[in-house]
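Engineer: Questions regarding the structure given below will be posed in turn.
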Amino acid sequence: MDRLLRRRSRTALLLALAVAASPAAAQLELGSGRHAWSVTASIGVPDTSTPLAAWLDGGTGKLRSAAGGLAVDRLVAEYGGRLTPTLEAHLVADWLDEPSGGLDLTEAYLEWRPVPKRALRQQWRFGGFYPRMSLENVAPAWESPLTASFSAANTWLGEEIRAFGAEWLGRRALGPPTAPHELGVYAGAFYGNDPAGTLLFWRGWSVHERQTRFGDRLPLPARPVFGADGAIVGHAAQTLEPFAEIDGDPGVYAGLEWRLRRRALVRLARYDNRADPLAFSDAQWGWDTRFDLAALQLELPLGLGLVTQRLEGRTRWLIPPGADGVVPPGSRIERDDFAADFVLLTKRIGSRSRVTLRHDEFGYDRDASPELGAIDSGEAWAASYRFRLSERITLTAEWLEIESERSLRPLFYSLPAEVQERQLRLRLDLRTHGAGGS
Amino acid sequence: MLVVQTGSRVRFPNDDDVNHHVYSFSSPKSFELQLYKGSPHAPLDFGRPGLVVLGCNIHDDMLGYILVVDTPWFAKTGADGVARVEDLPDAEPLSVRAWTPRLKPDALPAEQRVTLERERPATLAFAITDRLLPERERRDTSLTWTDY
């Protein structure tokens with residue numbers, strides 16, 4: 001009995017349940033400290049072939065830049081701070097090498113994970129953040145862990161979609177804690193984001209990795225000015241602040257997730273900015289934009305991974321939009337439909353490199369005006385090779401080809417409707433990070 | 001996975017170099033050890049029998065079990081599936097139960113009874129016929145699986 005009593009007195013338990021192969025986190029992990037930060041510089045050397053001016057220069061090109069030569073694609077700083085054992089603050093700040101670049105935030109939020117009282121695990125976010133949508137942008141600072149550029153669908157989310165509000169997420173295993181199936185539901189309510197959709201009409205879909213910062217004012221292709229006979233008599237410059245709040249009403253989104261271990265993940269979501277297309281503020285009109293998203297992430301045989309996502313929606317907006325906020329006589333609210341999807345296959349080669357092939361399709365049209373044809377339609381291919389030289393240095397070589405047909409190009413700008421754009425890019429990511437406090 | 005007798009005290013040292021926030025909402029012992037490294041928390045009493053499932057509020061993937069049994073006679077099997085219980089009383093009928101987190105309670109092997117003869121070891125075999133519930137996956141995958 002002595003032995004039993006000894007055993008009874010004290011028993012040690014090691015919670016050394018190490019997570020194998022430490023999966024990448026969507027945000028900076030705090031580890032053991034109270035503060036953590038990282039700075040990443042992405043330096044790109046593109047070789048670009050396009051007949052169009054880049055959209056950041058007011059053109060309708062689908063690439064981020066029409067120029068070649070070395071450029072800083074992104075200089076991003078992330079900060080994570082633990083305020084209480086269950087509350088964390090997260091900030092992501094971008095410095096951009098652009099005329100109106102400088103430093104601004106792309107995300108700033110508090111994340112609260114209350115300790116579960118039952119099988120349901122809850123997570124709240126408050127602040128400015130990406131709605132839970134993309135299955136591609138799952139690396140810190142909303143980067144893709146697979147490629148340099150994002151799919152057309154997610155490029156648009158990075159350009160025009162952000163929530164300034166609150167999000168709730170609840171997840172639970174279906175069955176005992178080891179059950180292979182997990183179900184998640186989430187919902188968010190937000191302000192801002194009333195002009196979302198503007199860029200899709202005026203410029204169309206694009207494929208790059210630039211993320212709009214909170215205060216960014218983006219160039220749009222110039223608006224044609226029509227004379228009395230309907231002919232274009234000139235063009236007026238216009239800009240976009242995609243995160244402006246215009247009508248004072250919140251937007252909403254909600255989604256559903258099902259996961260089968262680390263093998264399959266399905267996400268279904270709907271976003272609706274509930275903007276009033278007759279509301280105007282600060283040189284911006286509301287665009288009533290809603291979309292549905294369906295996404296799947298799947299482990300395939302032969303070590304292949306598949307990610308596919310479809311985004312399909314509509315926007316309602318005022319045509320023609322009066323520049324001064326006055327609804328012009330004879331104007332009407334048009335409904336446009338848009339969709340973009342992609343499929344990507346990825347394979348890790350050894351522990352350091354990865355190849356990824358992605359195919360995108362996108363479209364934007366107006367049923368009420370079939371004579372307009374394809375307002376925007378096309379497809380893109382991306383092939384990327386990524387090599388992780390060390391914890392701090394990653395190299396990416398990416399080939400990108402976009403074919404598009406866009407009726408607005410000849411109609412508004414005397415440019416060809418059908419265009420092929422290509423880009424070969426080498427990118428170097430340099431990352432440094434640190435932590436403090438305990 | 002740990003088996004202890006009712007009334008045992010259990011320490012939860014964290015030897016990792018990241019913080020953990022251990023909790024359980026199981027009815028025999030509901031508790032929370034706020035974010036820590038090392039051994040800042042006093043041992044906890046496990047005074048009621050039953051299964052205590054442990055989680056970490058920082059790392060959703062982590063899972064642990066403490067089975068609290070109302071008997072001094074218990075053992076955990078090794079990798080070979082063999083458990084040895086010693087110092088048992090002779091000449092009394094004993095009931096023996098096997099448990100694993102990887103079977104639903106209704107699929108656990110039936111209880112067996114044995115009466116030991118003086119100084120003579122007995123061997124009992126428990127056969128698992130149902131399919132085991134999956135283990136927590138530790139697979140190296142081609143994709144990144146974040147937030148889970």
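Residue numbers start at 1 in each chain; chains themselves are named A, B, ... in the order of the structure tokens; ligands are numbered from 1 in the order shown.
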So which residues touch Ala380 (chain A) within 12 Å, counting only C-alpha atoms, skipping near sequence neighbours fewer than 4 positions away, as number ranges by chain?
Structural biologist: A: 62-63, 149-153, 205-208, 340-344, 357-363, 399-405, 419-423
Engineer: Give one line per residue of chain B that approaches chain A to at most 7 Å, naming the two atoms of the closest pair and their distance in Å to one decimal, counting only C-alpha atoms; sort by chain then ascending residue number and deliver it as a tab-separated table.
Structural biologist:
residue	atom	partner	partner_atom	distance
B:Gln5	CA	A:Arg8	CA	6.6
B:Ser8	CA	A:Arg8	CA	5.4
B:Arg9	CA	A:Arg10	CA	5.4
B:Val10	CA	A:Thr11	CA	5.1
B:Arg11	CA	A:Ala12	CA	5.0
B:Phe12	CA	A:Leu13	CA	5.4
B:Pro13	CA	A:Leu14	CA	6.1
B:Asn14	CA	A:Leu15	CA	6.2
B:Asp16	CA	A:Ala16	CA	6.8
B:Asp17	CA	A:Ser32	CA	6.3
B:Val18	CA	A:Ser32	CA	4.2
B:Asn19	CA	A:Ser32	CA	4.8
B:Phe25	CA	A:Lys117	CA	5.5
B:Gln34	CA	A:Pro85	CA	6.4
B:Leu35	CA	A:Pro85	CA	5.7
B:Asn57	CA	A:Val115	CA	6.0
B:Met62	CA	A:Leu17	CA	6.0
B:Pro72	CA	A:Leu4	CA	6.7
B:Asp87	CA	A:Met1	CA	7.0
B:Pro134	CA	A:Thr178	CA	6.6
B:Glu135	CA	A:Thr178	CA	6.5
B:Arg136	CA	A:Thr178	CA	5.9
B:Glu137	CA	A:Arg261	CA	6.9
B:Arg138	CA	A:Ala20	CA	5.7
B:Asp140	CA	A:Ala21	CA	6.5
B:Ser142	CA	A:Gly305	CA	5.3
B:Leu143	CA	A:Gly305	CA	5.5
B:Thr144	CA	A:Pro23	CA	6.1
B:Trp145	CA	A:Pro23	CA	6.2
B:Thr146	CA	A:Ala25	CA	5.0
B:Asp147	CA	A:Ala25	CA	6.4
Engineer: Given the choices B:Asp90, B:Pro105, B:Leu132, B:Val3, which gets closest to Arg120 (chain B) if the distance is worked out from only C-alpha atoms?
Structural biologist: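 Of the candidates, the smallest distance to Arg120 (chain B) is held by B:Asp90.
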Engineer: Could you check how far CA of Leu389 (chain A) sits from CA of Val355 (chain A), in Å to one decimal?
Structural biologist: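 CA of Leu389 (chain A) sits 14.8 Å away from CA of Val355 (chain A).
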Engineer: Would you give me, as a PyMOL selection string, the residues in region 266-362 of chain A that DSSP reads as strand (DSSP E)?
Structural biologist: chain A and resi 266-272+280-281+284-285+288-299+304-319+332-349+353-362
Engineer: Among region 70-278 of chain A, which residues carry a DSSP assignment of alpha helix (DSSP H), reported as a PyMOL selection string?
Structural biologist: chain A and resi 152-160+198-202
Engineer: Which is closer to Thr155 (chain A) than all the others in A:Ala397, A:Ala66, A:Val45, A:Leu311, using only C-alpha atoms?
Structural biologist: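 Going through A:Ala397, A:Ala66, A:Val45, A:Leu311 one by one, the smallest distance to Thr155 (chain A) is for A:Leu311.
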Engineer: If we count only C-alpha atoms and set the cut-off at 12 Å, which residues sit around Ala83 (chain B), ignoring sequence neighbours fewer than 4 positions away in its own chain? Please answer as a PyMOL selection string.
Structural biologist: chain B and resi 73-79+96-99+123-126
Engineer: For Ser38 (chain A), find every residue with an atom within 12 Å (counting only C-alpha atoms), except residues of its own chain fewer than 6 positions away, and show them as a list of chain:residue names.
Structural biologist: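 Here the answer would be A:Gln27, A:Leu28, A:Glu29, A:Leu30, A:Leu75, A:Val76, A:Ala77, A:Glu78, A:Tyr79, A:Gly80, A:His90, A:Leu91, A:Val92, A:Ala93, A:Asp94, A:Pro140, A:Ala141, A:Arg392, A:Leu430, A:Arg431, A:Thr432, A:His433, A:Gly434, A:Ala435, A:Gly436.
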Engineer: Could those residues be written to a file, using N, CA, C and O atoms, as a JSON list (two decimals), in the first residue's frame?
Structural biologist:
[["chain", "number", "residue", "atom", "x", "y", "z"],
["A", 27, "GLN", "N", -2.25, 35.29, -37.95],
["A", 27, "GLN", "CA", -1.78, 36.54, -37.37],
["A", 27, "GLN", "C", -0.55, 36.25, -36.52],
["A", 27, "GLN", "O", -0.22, 35.10, -36.26],
["A", 28, "LEU", "N", 0.09, 37.31, -36.12],
["A", 28, "LEU", "CA", 1.30, 37.19, -35.33],
["A", 28, "LEU", "C", 1.00, 36.39, -34.06],
["A", 28, "LEU", "O", 0.06, 36.69, -33.34],
["A", 29, "GLU", "N", 1.82, 35.38, -33.77],
["A", 29, "GLU", "CA", 1.60, 34.60, -32.56],
["A", 29, "GLU", "C", 2.39, 35.18, -31.41],
["A", 29, "GLU", "O", 3.56, 35.53, -31.57],
["A", 30, "LEU", "N", 1.75, 35.25, -30.25],
["A", 30, "LEU", "CA", 2.38, 35.93, -29.13],
["A", 30, "LEU", "C", 3.38, 35.05, -28.39],
["A", 30, "LEU", "O", 4.21, 35.56, -27.67],
["A", 75, "LEU", "N", 6.06, 46.97, -47.41],
["A", 75, "LEU", "CA", 6.85, 47.01, -46.19],
["A", 75, "LEU", "C", 5.82, 47.00, -45.07],
["A", 75, "LEU", "O", 5.09, 47.98, -44.90],
["A", 76, "VAL", "N", 5.72, 45.89, -44.40],
["A", 76, "VAL", "CA", 4.60, 45.74, -43.46],
["A", 76, "VAL", "C", 5.12, 45.43, -42.06],
["A", 76, "VAL", "O", 6.02, 44.62, -41.87],
["A", 77, "ALA", "N", 4.54, 46.11, -41.09],
["A", 77, "ALA", "CA", 4.87, 45.87, -39.68],
["A", 77, "ALA", "C", 3.64, 45.32, -39.00],
["A", 77, "ALA", "O", 2.53, 45.81, -39.20],
["A", 78, "GLU", "N", 3.84, 44.27, -38.23],
["A", 78, "GLU", "CA", 2.73, 43.69, -37.46],
["A", 78, "GLU", "C", 3.05, 43.81, -35.99],
["A", 78, "GLU", "O", 4.20, 43.58, -35.58],
["A", 79, "TYR", "N", 2.03, 44.07, -35.20],
["A", 79, "TYR", "CA", 2.21, 44.09, -33.76],
["A", 79, "TYR", "C", 1.10, 43.29, -33.11],
["A", 79, "TYR", "O", -0.07, 43.38, -33.52],
["A", 80, "GLY", "N", 1.45, 42.48, -32.14],
["A", 80, "GLY", "CA", 0.45, 41.77, -31.35],
["A", 80, "GLY", "C", 0.74, 42.03, -29.89],
["A", 80, "GLY", "O", 1.89, 41.98, -29.46],
["A", 90, "HIS", "N", -4.20, 43.54, -32.16],
["A", 90, "HIS", "CA", -3.42, 43.28, -33.37],
["A", 90, "HIS", "C", -3.44, 44.50, -34.29],
["A", 90, "HIS", "O", -4.50, 45.07, -34.54],
["A", 91, "LEU", "N", -2.27, 44.85, -34.76],
["A", 91, "LEU", "CA", -2.13, 45.97, -35.69],
["A", 91, "LEU", "C", -1.30, 45.53, -36.87],
["A", 91, "LEU", "O", -0.30, 44.83, -36.70],
["A", 92, "VAL", "N", -1.70, 45.92, -38.06],
["A", 92, "VAL", "CA", -0.90, 45.67, -39.26],
["A", 92, "VAL", "C", -0.78, 47.01, -39.99],
["A", 92, "VAL", "O", -1.79, 47.61, -40.36],
["A", 93, "ALA", "N", 0.45, 47.49, -40.14],
["A", 93, "ALA", "CA", 0.68, 48.78, -40.79],
["A", 93, "ALA", "C", 1.54, 48.58, -42.03],
["A", 93, "ALA", "O", 2.52, 47.85, -42.01],
["A", 94, "ASP", "N", 1.12, 49.23, -43.11],
["A", 94, "ASP", "CA", 1.82, 49.13, -44.38],
["A", 94, "ASP", "C", 2.48, 50.45, -44.74],
["A", 94, "ASP", "O", 1.83, 51.49, -44.68],
["A", 140, "PRO", "N", 0.21, 35.65, -42.00],
["A", 140, "PRO", "CA", 0.12, 36.94, -41.30],
["A", 140, "PRO", "C", 0.04, 38.10, -42.28],
["A", 140, "PRO", "O", 0.54, 38.02, -43.41],
["A", 141, "ALA", "N", -0.59, 39.18, -41.84],
["A", 141, "ALA", "CA", -0.77, 40.40, -42.64],
["A", 141, "ALA", "C", -1.56, 40.13, -43.91],
["A", 141, "ALA", "O", -1.41, 40.81, -44.91],
["A", 392, "ARG", "N", 14.09, 33.92, -42.11],
["A", 392, "ARG", "CA", 13.94, 35.33, -42.44],
["A", 392, "ARG", "C", 13.82, 35.63, -43.92],
["A", 392, "ARG", "O", 13.43, 36.73, -44.30],
["A", 430, "LEU", "N", 11.96, 39.65, -46.84],
["A", 430, "LEU", "CA", 12.88, 39.66, -45.70],
["A", 430, "LEU", "C", 12.08, 39.94, -44.45],
["A", 430, "LEU", "O", 11.36, 40.94, -44.38],
["A", 431, "ARG", "N", 12.19, 39.07, -43.47],
["A", 431, "ARG", "CA", 11.35, 39.22, -42.28],
["A", 431, "ARG", "C", 12.21, 39.24, -41.02],
["A", 431, "ARG", "O", 13.15, 38.47, -40.88],
["A", 432, "THR", "N", 11.90, 40.17, -40.16],
["A", 432, "THR", "CA", 12.56, 40.16, -38.86],
["A", 432, "THR", "C", 11.49, 40.30, -37.79],
["A", 432, "THR", "O", 10.43, 40.88, -38.03],
["A", 433, "HIS", "N", 11.70, 39.69, -36.64],
["A", 433, "HIS", "CA", 10.65, 39.74, -35.63],
["A", 433, "HIS", "C", 11.24, 39.69, -34.23],
["A", 433, "HIS", "O", 12.41, 39.36, -34.04],
["A", 434, "GLY", "N", 10.44, 40.04, -33.28],
["A", 434, "GLY", "CA", 10.89, 40.04, -31.90],
["A", 434, "GLY", "C", 9.72, 39.96, -30.95],
["A", 434, "GLY", "O", 8.57, 40.00, -31.35],
["A", 435, "ALA", "N", 10.04, 39.81, -29.67],
["A", 435, "ALA", "CA", 8.99, 39.69, -28.65],
["A", 435, "ALA", "C", 9.50, 40.31, -27.36],
["A", 435, "ALA", "O", 10.71, 40.47, -27.17],
["A", 436, "GLY", "N", 8.59, 40.66, -26.50],
["A", 436, "GLY", "CA", 8.99, 41.24, -25.22],
["A", 436, "GLY", "C", 7.90, 41.08, -24.19],
["A", 436, "GLY", "O", 6.78, 40.68, -24.51]]
Engineer: Tell me which protein, DNA and RNA residues are within 8 Å of Val252 (chain A), counting only C-alpha atoms, leaving out same-chain ones fewer than 6 positions away, and put them as a PDB file with N, CA and C atoms, in the first residue's frame.
Structural biologist:
ATOM      1  N   ALA A 187     -20.662  35.627 -37.667  1.00  0.00           N
ATOM      2  CA  ALA A 187     -21.453  36.748 -38.149  1.00  0.00           C
ATOM      3  C   ALA A 187     -20.743  38.028 -37.774  1.00  0.00           C
ATOM      4  N   GLY A 188     -20.886  39.027 -38.622  1.00  0.00           N
ATOM      5  CA  GLY A 188     -20.261  40.312 -38.345  1.00  0.00           C
ATOM      6  C   GLY A 188     -21.187  41.451 -38.721  1.00  0.00           C
ATOM      7  N   ALA A 189     -21.017  42.574 -38.046  1.00  0.00           N
ATOM      8  CA  ALA A 189     -21.741  43.803 -38.399  1.00  0.00           C
ATOM      9  C   ALA A 189     -20.708  44.905 -38.442  1.00  0.00           C
ATOM     10  N   PHE A 190     -20.828  45.792 -39.410  1.00  0.00           N
ATOM     11  CA  PHE A 190     -19.744  46.750 -39.610  1.00  0.00           C
ATOM     12  C   PHE A 190     -20.251  48.057 -40.193  1.00  0.00           C
ATOM     13  N   TYR A 271     -21.956  38.345 -47.747  1.00  0.00           N
ATOM     14  CA  TYR A 271     -21.596  39.694 -47.336  1.00  0.00           C
ATOM     15  C   TYR A 271     -22.595  40.655 -47.958  1.00  0.00           C
ATOM     16  N   ASP A 272     -23.009  41.654 -47.192  1.00  0.00           N
ATOM     17  CA  ASP A 272     -23.942  42.655 -47.727  1.00  0.00           C
ATOM     18  C   ASP A 272     -23.630  43.987 -47.066  1.00  0.00           C
ATOM     19  N   ASN A 273     -23.157  44.946 -47.841  1.00  0.00           N
ATOM     20  CA  ASN A 273     -22.822  46.229 -47.205  1.00  0.00           C
ATOM     21  C   ASN A 273     -24.060  47.093 -46.963  1.00  0.00           C
ATOM     22  N   ARG A 274     -25.202  46.677 -47.494  1.00  0.00           N
ATOM     23  CA  ARG A 274     -26.490  47.345 -47.268  1.00  0.00           C
ATOM     24  C   ARG A 274     -26.397  48.851 -47.514  1.00  0.00           C
TER      25      ARG A 274
END
Engineer: If you count only C-alpha atoms, which residues fall within 9 Å of Thr129 (chain B), apart from same-chain ones fewer than 2 positions away, as a list in words?
Structural biologist: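 These residues fall inside the cut-off: Ala107, Leu108, Pro109, Ala127, Arg131 and Leu132 of chain B.
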Engineer: CA of Trp287 (chain A) and CA of Gly325 (chain A), how far apart in Å?
Structural biologist: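 Between CA of Gly325 (chain A) and CA of Trp287 (chain A) the gap is 13.5 Å.
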Engineer: Between A:Gly378, A:Gly165, A:Gly184, A:Gly227, which is the closest to Ala269 (chain A) once you count only C-alpha atoms?
Structural biologist: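 So, comparing all the options, the nearest one is A:Gly184.
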Engineer: Taking into account only C-alpha atoms, which residue in the set A:Met133, A:Ala41, A:Ala108, A:Ala368 is nearest to Trp95 (chain A)?
Structural biologist: A:Ala41
